[in-house]
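Raw contents of final02.pdb, PDB, C-alpha atoms:
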ATOM      1  CA  MET D 223     -42.177  -3.527  18.235  1.00  0.00           C
ATOM      2  CA  THR D 224     -42.326  -1.558  21.425  1.00  0.00           C
ATOM      3  CA  GLY D 225     -39.792   1.159  21.918  1.00  0.00           C
ATOM      4  CA  THR D 226     -39.159   1.700  18.204  1.00  0.00           C
ATOM      5  CA  LEU D 227     -41.386   4.727  17.719  1.00  0.00           C
ATOM      6  CA  ASP D 228     -39.708   8.112  17.544  1.00  0.00           C
ATOM      7  CA  THR D 229     -41.502  10.393  19.965  1.00  0.00           C
ATOM      8  CA  ARG D 230     -39.574  13.547  19.083  1.00  0.00           C
ATOM      9  CA  PRO D 231     -41.545  16.379  17.531  1.00  0.00           C
ATOM     10  CA  ALA D 232     -41.333  16.679  13.750  1.00  0.00           C
ATOM     11  CA  ARG D 233     -40.047  20.275  13.967  1.00  0.00           C
ATOM     12  CA  PRO D 234     -37.265  21.362  16.292  1.00  0.00           C
ATOM     13  CA  THR D 235     -38.315  23.283  19.371  1.00  0.00           C
ATOM     14  CA  ALA D 236     -37.078  26.791  20.050  1.00  0.00           C
ATOM     15  CA  ALA D 237     -34.307  25.403  22.283  1.00  0.00           C
ATOM     16  CA  GLU D 238     -32.961  23.263  19.401  1.00  0.00           C
ATOM     17  CA  HIS D 239     -32.547  26.118  16.903  1.00  0.00           C
ATOM     18  CA  HIS D 240     -28.926  26.961  16.181  1.00  0.00           C
ATOM     19  CA  SER D 241     -27.516  30.080  14.642  1.00  0.00           C
ATOM     20  CA  VAL D 242     -25.773  29.949  11.281  1.00  0.00           C
ATOM     21  CA  GLY D 243     -22.474  30.653  13.033  1.00  0.00           C
ATOM     22  CA  GLU D 244     -22.953  27.676  15.346  1.00  0.00           C
ATOM     23  CA  LEU D 245     -23.823  25.415  12.424  1.00  0.00           C
ATOM     24  CA  VAL D 246     -20.779  26.578  10.453  1.00  0.00           C
ATOM     25  CA  GLY D 247     -18.622  26.031  13.541  1.00  0.00           C
ATOM     26  CA  GLN D 248     -19.985  22.503  13.977  1.00  0.00           C
ATOM     27  CA  ALA D 249     -19.435  21.732  10.289  1.00  0.00           C
ATOM     28  CA  THR D 250     -15.871  23.042  10.457  1.00  0.00           C
ATOM     29  CA  GLU D 251     -15.168  20.987  13.564  1.00  0.00           C
ATOM     30  CA  GLN D 252     -16.643  17.852  11.989  1.00  0.00           C
ATOM     31  CA  LEU D 253     -14.660  18.333   8.768  1.00  0.00           C
ATOM     32  CA  SER D 254     -11.481  18.833  10.772  1.00  0.00           C
ATOM     33  CA  THR D 255     -12.158  15.648  12.762  1.00  0.00           C
ATOM     34  CA  LEU D 256     -12.916  13.772   9.551  1.00  0.00           C
ATOM     35  CA  ALA D 257      -9.674  14.951   7.928  1.00  0.00           C
ATOM     36  CA  ARG D 258      -7.641  13.898  10.998  1.00  0.00           C
ATOM     37  CA  GLN D 259      -9.302  10.475  10.986  1.00  0.00           C
ATOM     38  CA  GLU D 260      -8.625   9.994   7.267  1.00  0.00           C
ATOM     39  CA  LEU D 261      -4.960  10.935   7.759  1.00  0.00           C
ATOM     40  CA  ALA D 262      -4.683   8.512  10.669  1.00  0.00           C
ATOM     41  CA  LEU D 263      -6.192   5.756   8.505  1.00  0.00           C
ATOM     42  CA  ALA D 264      -3.743   6.478   5.670  1.00  0.00           C
ATOM     43  CA  LYS D 265      -0.821   6.505   8.107  1.00  0.00           C
ATOM     44  CA  GLU D 266      -1.834   3.179   9.648  1.00  0.00           C
ATOM     45  CA  GLU D 267      -2.405   1.596   6.240  1.00  0.00           C
ATOM     46  CA  LEU D 268       1.037   2.678   4.985  1.00  0.00           C
ATOM     47  CA  ALA D 269       2.683   1.517   8.221  1.00  0.00           C
ATOM     48  CA  ALA D 270       1.101  -1.939   7.861  1.00  0.00           C
ATOM     49  CA  LYS D 271       2.247  -2.173   4.244  1.00  0.00           C
ATOM     50  CA  GLY D 272       5.730  -1.076   5.294  1.00  0.00           C
ATOM     51  CA  ARG D 273       5.959  -3.743   8.011  1.00  0.00           C
ATOM     52  CA  ARG D 274       4.826  -6.422   5.568  1.00  0.00           C
ATOM     53  CA  ALA D 275       7.307  -5.237   2.934  1.00  0.00           C
ATOM     54  CA  GLY D 276      10.124  -5.198   5.514  1.00  0.00           C
ATOM     55  CA  ARG D 277       9.496  -8.781   6.570  1.00  0.00           C
ATOM     56  CA  GLY D 278       9.233  -9.911   2.958  1.00  0.00           C
ATOM     57  CA  GLY D 279      12.417  -8.068   2.036  1.00  0.00           C
ATOM     58  CA  GLY D 280      14.319  -9.663   4.897  1.00  0.00           C
ATOM     59  CA  LEU D 281      13.200 -13.134   3.894  1.00  0.00           C
ATOM     60  CA  LEU D 282      14.080 -12.484   0.250  1.00  0.00           C
ATOM     61  CA  GLY D 283      17.501 -11.175   1.256  1.00  0.00           C
ATOM     62  CA  THR D 284      18.219 -14.292   3.289  1.00  0.00           C
ATOM     63  CA  ALA D 285      17.024 -16.515   0.464  1.00  0.00           C
ATOM     64  CA  GLY D 286      19.224 -14.596  -1.962  1.00  0.00           C
ATOM     65  CA  ALA D 287      22.305 -14.999   0.228  1.00  0.00           C
ATOM     66  CA  LEU D 288      21.766 -18.741   0.592  1.00  0.00           C
ATOM     67  CA  GLY D 289      21.045 -19.063  -3.108  1.00  0.00           C
ATOM     68  CA  TYR D 290      24.281 -17.225  -3.878  1.00  0.00           C
ATOM     69  CA  VAL D 291      26.309 -19.630  -1.723  1.00  0.00           C
ATOM     70  CA  GLY D 292      24.601 -22.596  -3.388  1.00  0.00           C
ATOM     71  CA  LEU D 293      25.267 -21.162  -6.843  1.00  0.00           C
ATOM     72  CA  MET D 294      28.960 -20.739  -6.052  1.00  0.00           C
ATOM     73  CA  ALA D 295      29.165 -24.369  -4.903  1.00  0.00           C
ATOM     74  CA  LEU D 296      27.373 -25.459  -8.074  1.00  0.00           C
ATOM     75  CA  ALA D 297      29.704 -23.343 -10.200  1.00  0.00           C
ATOM     76  CA  GLY D 298      32.711 -24.965  -8.521  1.00  0.00           C
ATOM     77  CA  ALA D 299      31.264 -28.391  -9.216  1.00  0.00           C
ATOM     78  CA  ALA D 300      30.656 -27.445 -12.865  1.00  0.00           C
ATOM     79  CA  VAL D 301      34.229 -26.214 -13.247  1.00  0.00           C
ATOM     80  CA  ALA D 302      35.548 -29.439 -11.699  1.00  0.00           C
ATOM     81  CA  ALA D 303      33.386 -31.546 -14.020  1.00  0.00           C
ATOM     82  CA  LEU D 304      34.480 -29.648 -17.149  1.00  0.00           C
ATOM     83  CA  ALA D 305      38.092 -29.796 -15.993  1.00  0.00           C
ATOM     84  CA  LEU D 306      37.950 -33.534 -16.574  1.00  0.00           C
ATOM     85  CA  VAL D 307      37.776 -32.933 -20.356  1.00  0.00           C
ATOM     86  CA  LEU D 308      39.171 -29.377 -20.733  1.00  0.00           C
ATOM     87  CA  PRO D 309      41.971 -27.399 -19.123  1.00  0.00           C
ATOM     88  CA  VAL D 310      40.910 -25.870 -15.786  1.00  0.00           C
ATOM     89  CA  TRP D 311      41.148 -22.288 -17.101  1.00  0.00           C
ATOM     90  CA  ALA D 312      38.808 -23.103 -20.020  1.00  0.00           C
ATOM     91  CA  ALA D 313      36.299 -24.834 -17.738  1.00  0.00           C
ATOM     92  CA  ALA D 314      36.286 -21.827 -15.370  1.00  0.00           C
ATOM     93  CA  LEU D 315      35.860 -19.419 -18.302  1.00  0.00           C
ATOM     94  CA  ILE D 316      32.868 -21.357 -19.697  1.00  0.00           C
ATOM     95  CA  VAL D 317      31.113 -21.511 -16.316  1.00  0.00           C
ATOM     96  CA  ALA D 318      31.760 -17.789 -15.661  1.00  0.00           C
ATOM     97  CA  GLY D 319      30.379 -16.866 -19.092  1.00  0.00           C
ATOM     98  CA  ALA D 320      27.213 -18.898 -18.473  1.00  0.00           C
ATOM     99  CA  LEU D 321      26.736 -17.212 -15.088  1.00  0.00           C
ATOM    100  CA  PHE D 322      27.138 -13.746 -16.651  1.00  0.00           C
ATOM    101  CA  VAL D 323      24.505 -14.542 -19.305  1.00  0.00           C
ATOM    102  CA  ILE D 324      22.067 -15.720 -16.624  1.00  0.00           C
ATOM    103  CA  ALA D 325      22.793 -12.579 -14.556  1.00  0.00           C
ATOM    104  CA  ALA D 326      22.097 -10.330 -17.548  1.00  0.00           C
ATOM    105  CA  VAL D 327      18.735 -12.006 -18.239  1.00  0.00           C
ATOM    106  CA  LEU D 328      17.724 -11.748 -14.575  1.00  0.00           C
ATOM    107  CA  ALA D 329      18.812  -8.085 -14.406  1.00  0.00           C
ATOM    108  CA  ALA D 330      16.753  -7.191 -17.488  1.00  0.00           C
ATOM    109  CA  THR D 331      13.722  -8.998 -16.100  1.00  0.00           C
ATOM    110  CA  GLY D 332      14.091  -7.340 -12.681  1.00  0.00           C
ATOM    111  CA  ARG D 333      14.454  -3.902 -14.241  1.00  0.00           C
ATOM    112  CA  ALA D 334      11.272  -4.413 -16.247  1.00  0.00           C
ATOM    113  CA  GLN D 335       9.421  -5.488 -13.093  1.00  0.00           C
ATOM    114  CA  LEU D 336      10.599  -2.403 -11.181  1.00  0.00           C
ATOM    115  CA  ARG D 337       9.441  -0.106 -13.957  1.00  0.00           C
ATOM    116  CA  ARG D 338       5.960  -1.605 -13.789  1.00  0.00           C
ATOM    117  CA  ALA D 339       5.762  -1.375 -10.003  1.00  0.00           C
ATOM    118  CA  THR D 340       3.156   1.045  -8.751  1.00  0.00           C
ATOM    119  CA  PRO D 341       3.907   3.448  -5.894  1.00  0.00           C
ATOM    120  CA  ALA D 342       2.680   2.466  -2.459  1.00  0.00           C
ATOM    121  CA  THR D 343      -0.620   4.271  -1.920  1.00  0.00           C
ATOM    122  CA  PRO D 344      -3.109   3.989   0.919  1.00  0.00           C
ATOM    123  CA  ALA D 345      -5.924   2.686  -1.314  1.00  0.00           C
ATOM    124  CA  GLN D 346      -8.411   2.155   1.523  1.00  0.00           C
ATOM    125  CA  ALA D 347      -7.930   5.688   2.866  1.00  0.00           C
ATOM    126  CA  ILE D 348      -8.236   7.195  -0.618  1.00  0.00           C
ATOM    127  CA  ASP D 349     -11.476   5.288  -1.276  1.00  0.00           C
ATOM    128  CA  SER D 350     -12.850   6.381   2.088  1.00  0.00           C
ATOM    129  CA  LEU D 351     -11.894   9.998   1.438  1.00  0.00           C
ATOM    130  CA  ARG D 352     -13.577   9.916  -1.985  1.00  0.00           C
ATOM    131  CA  ALA D 353     -16.745   8.543  -0.389  1.00  0.00           C
ATOM    132  CA  ASP D 354     -16.623  11.316   2.222  1.00  0.00           C
ATOM    133  CA  VAL D 355     -16.260  13.995  -0.461  1.00  0.00           C
ATOM    134  CA  GLU D 356     -19.185  12.549  -2.416  1.00  0.00           C
ATOM    135  CA  GLU D 357     -21.311  12.474   0.752  1.00  0.00           C
ATOM    136  CA  ILE D 358     -20.443  16.094   1.578  1.00  0.00           C
ATOM    137  CA  LYS D 359     -21.233  17.170  -1.990  1.00  0.00           C
ATOM    138  CA  GLY D 360     -24.545  15.329  -1.857  1.00  0.00           C
ATOM    139  CA  ARG D 361     -25.521  16.961   1.429  1.00  0.00           C
ATOM    140  CA  ALA D 362     -24.393  20.387   0.284  1.00  0.00           C
ATOM    141  CA  HIS D 363     -26.857  20.321  -2.625  1.00  0.00           C
ATOM    142  CA  ARG D 364     -29.840  19.604  -0.384  1.00  0.00           C
TER     143      ARG D 364
END

Before anything else, please render the file you have as structure tokens.
Amino acid sequence: MTGTLDTRPARPTAAEHHSVGELVGQATEQLSTLARQELALAKEELAAKGRRAGRGGGLLGTAGALGYVGLMALAGAAVAALALVLPVWAAALIVAGALFVIAAVLAATGRAQLRRATPATPAQAIDSLRADVEEIKGRAHR
């Protein structure tokens, strides 16, 4: 265990004493640096979430467009099949009504999901900031 002993004196020497003004200045500078670092962390965290959400939104949009085209083809096939036993206008009306019912159910479900959505918050930065505040409070009471 060589080299692990602290050879510094237990009390600071005269050259290491700082005035109250210097200590306050150092504390202010450190708090300012800490605040800038926390803001940078929050900014980076939100940017990463935004990039991920953008990619996901693009993929969902593409899937929705292709699903829409497929649904229209399926609706045409359903109208053609019903037209074998009903007049064409009646077959088209039945298929359109079914599509509107499905759309209403999906809209209600989507609206409920959006209401429950939480705002995008930089959770990691907030947790880190809370820990910093607790640490500062703990040191201030010493």

Students should find that CA of Ser241 (chain D) and CA of Ala362 (chain D) are spaced 17.6 Å

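Of note, CA of Met294 (chain D) and CA of Leu315 (chain D) are spaced 14.1 Å apart.
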
Would you translate the PyMOL selection byres ((chain D and resi 263) around 12) into the concrete set of residues it matches in this file, as a VMD selection string?
chain D and resid 256 to 262 264 to 270 343 to 351

Mind pulling up the distance from CA of Val291 (chain D) to CA of Arg337 (chain D)?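 Separation between CA of Arg337 (chain D) and CA of Val291 (chain D): 28.6 Å.
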
| request: Determine the residue set returned by the PyMOL selection byres ((chain D and resi 300) around 12) for the present structure, and present it as an MDAnalysis selection string. | output: chainID D and resid 293:299 301:308 310 312:318 320:321

Taking C-alpha atoms for each residue, export the selection above as an mmCIF file, in the coordinates of the input.
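This went into out35.cif:
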data_model
loop_
_atom_site.group_PDB
_atom_site.id
_atom_site.type_symbol
_atom_site.label_atom_id
_atom_site.label_comp_id
_atom_site.auth_asym_id
_atom_site.auth_seq_id
_atom_site.Cartn_x
_atom_site.Cartn_y
_atom_site.Cartn_z
ATOM 1 C CA LEU D 293 25.267 -21.162 -6.843
ATOM 2 C CA MET D 294 28.960 -20.739 -6.052
ATOM 3 C CA ALA D 295 29.165 -24.369 -4.903
ATOM 4 C CA LEU D 296 27.373 -25.459 -8.074
ATOM 5 C CA ALA D 297 29.704 -23.343 -10.200
ATOM 6 C CA GLY D 298 32.711 -24.965 -8.521
ATOM 7 C CA ALA D 299 31.264 -28.391 -9.216
ATOM 8 C CA VAL D 301 34.229 -26.214 -13.247
ATOM 9 C CA ALA D 302 35.548 -29.439 -11.699
ATOM 10 C CA ALA D 303 33.386 -31.546 -14.020
ATOM 11 C CA LEU D 304 34.480 -29.648 -17.149
ATOM 12 C CA ALA D 305 38.092 -29.796 -15.993
ATOM 13 C CA LEU D 306 37.950 -33.534 -16.574
ATOM 14 C CA VAL D 307 37.776 -32.933 -20.356
ATOM 15 C CA LEU D 308 39.171 -29.377 -20.733
ATOM 16 C CA VAL D 310 40.910 -25.870 -15.786
ATOM 17 C CA ALA D 312 38.808 -23.103 -20.020
ATOM 18 C CA ALA D 313 36.299 -24.834 -17.738
ATOM 19 C CA ALA D 314 36.286 -21.827 -15.370
ATOM 20 C CA LEU D 315 35.860 -19.419 -18.302
ATOM 21 C CA ILE D 316 32.868 -21.357 -19.697
ATOM 22 C CA VAL D 317 31.113 -21.511 -16.316
ATOM 23 C CA ALA D 318 31.760 -17.789 -15.661
ATOM 24 C CA ALA D 320 27.213 -18.898 -18.473
ATOM 25 C CA LEU D 321 26.736 -17.212 -15.088
#

Give the padded box for region 304-323 of chain D as AutoDock Vina command-line options: axis-aligned, covering all atoms listed in the file, 4 Å on each side, centre and edge lengths in Å to one decimal.
--center_x 33.2 --center_y -23.6 --center_z -17.9 --size_x 25.5 --size_y 27.8 --size_z 13.6

Using all atoms listed in the file, find all polymer residues with an atom at most 12 Å away from the point (-22.7, 22.3, 2.0); report them as a PyMOL selection string. chain D and resi 245-246+249-250+253+355-364
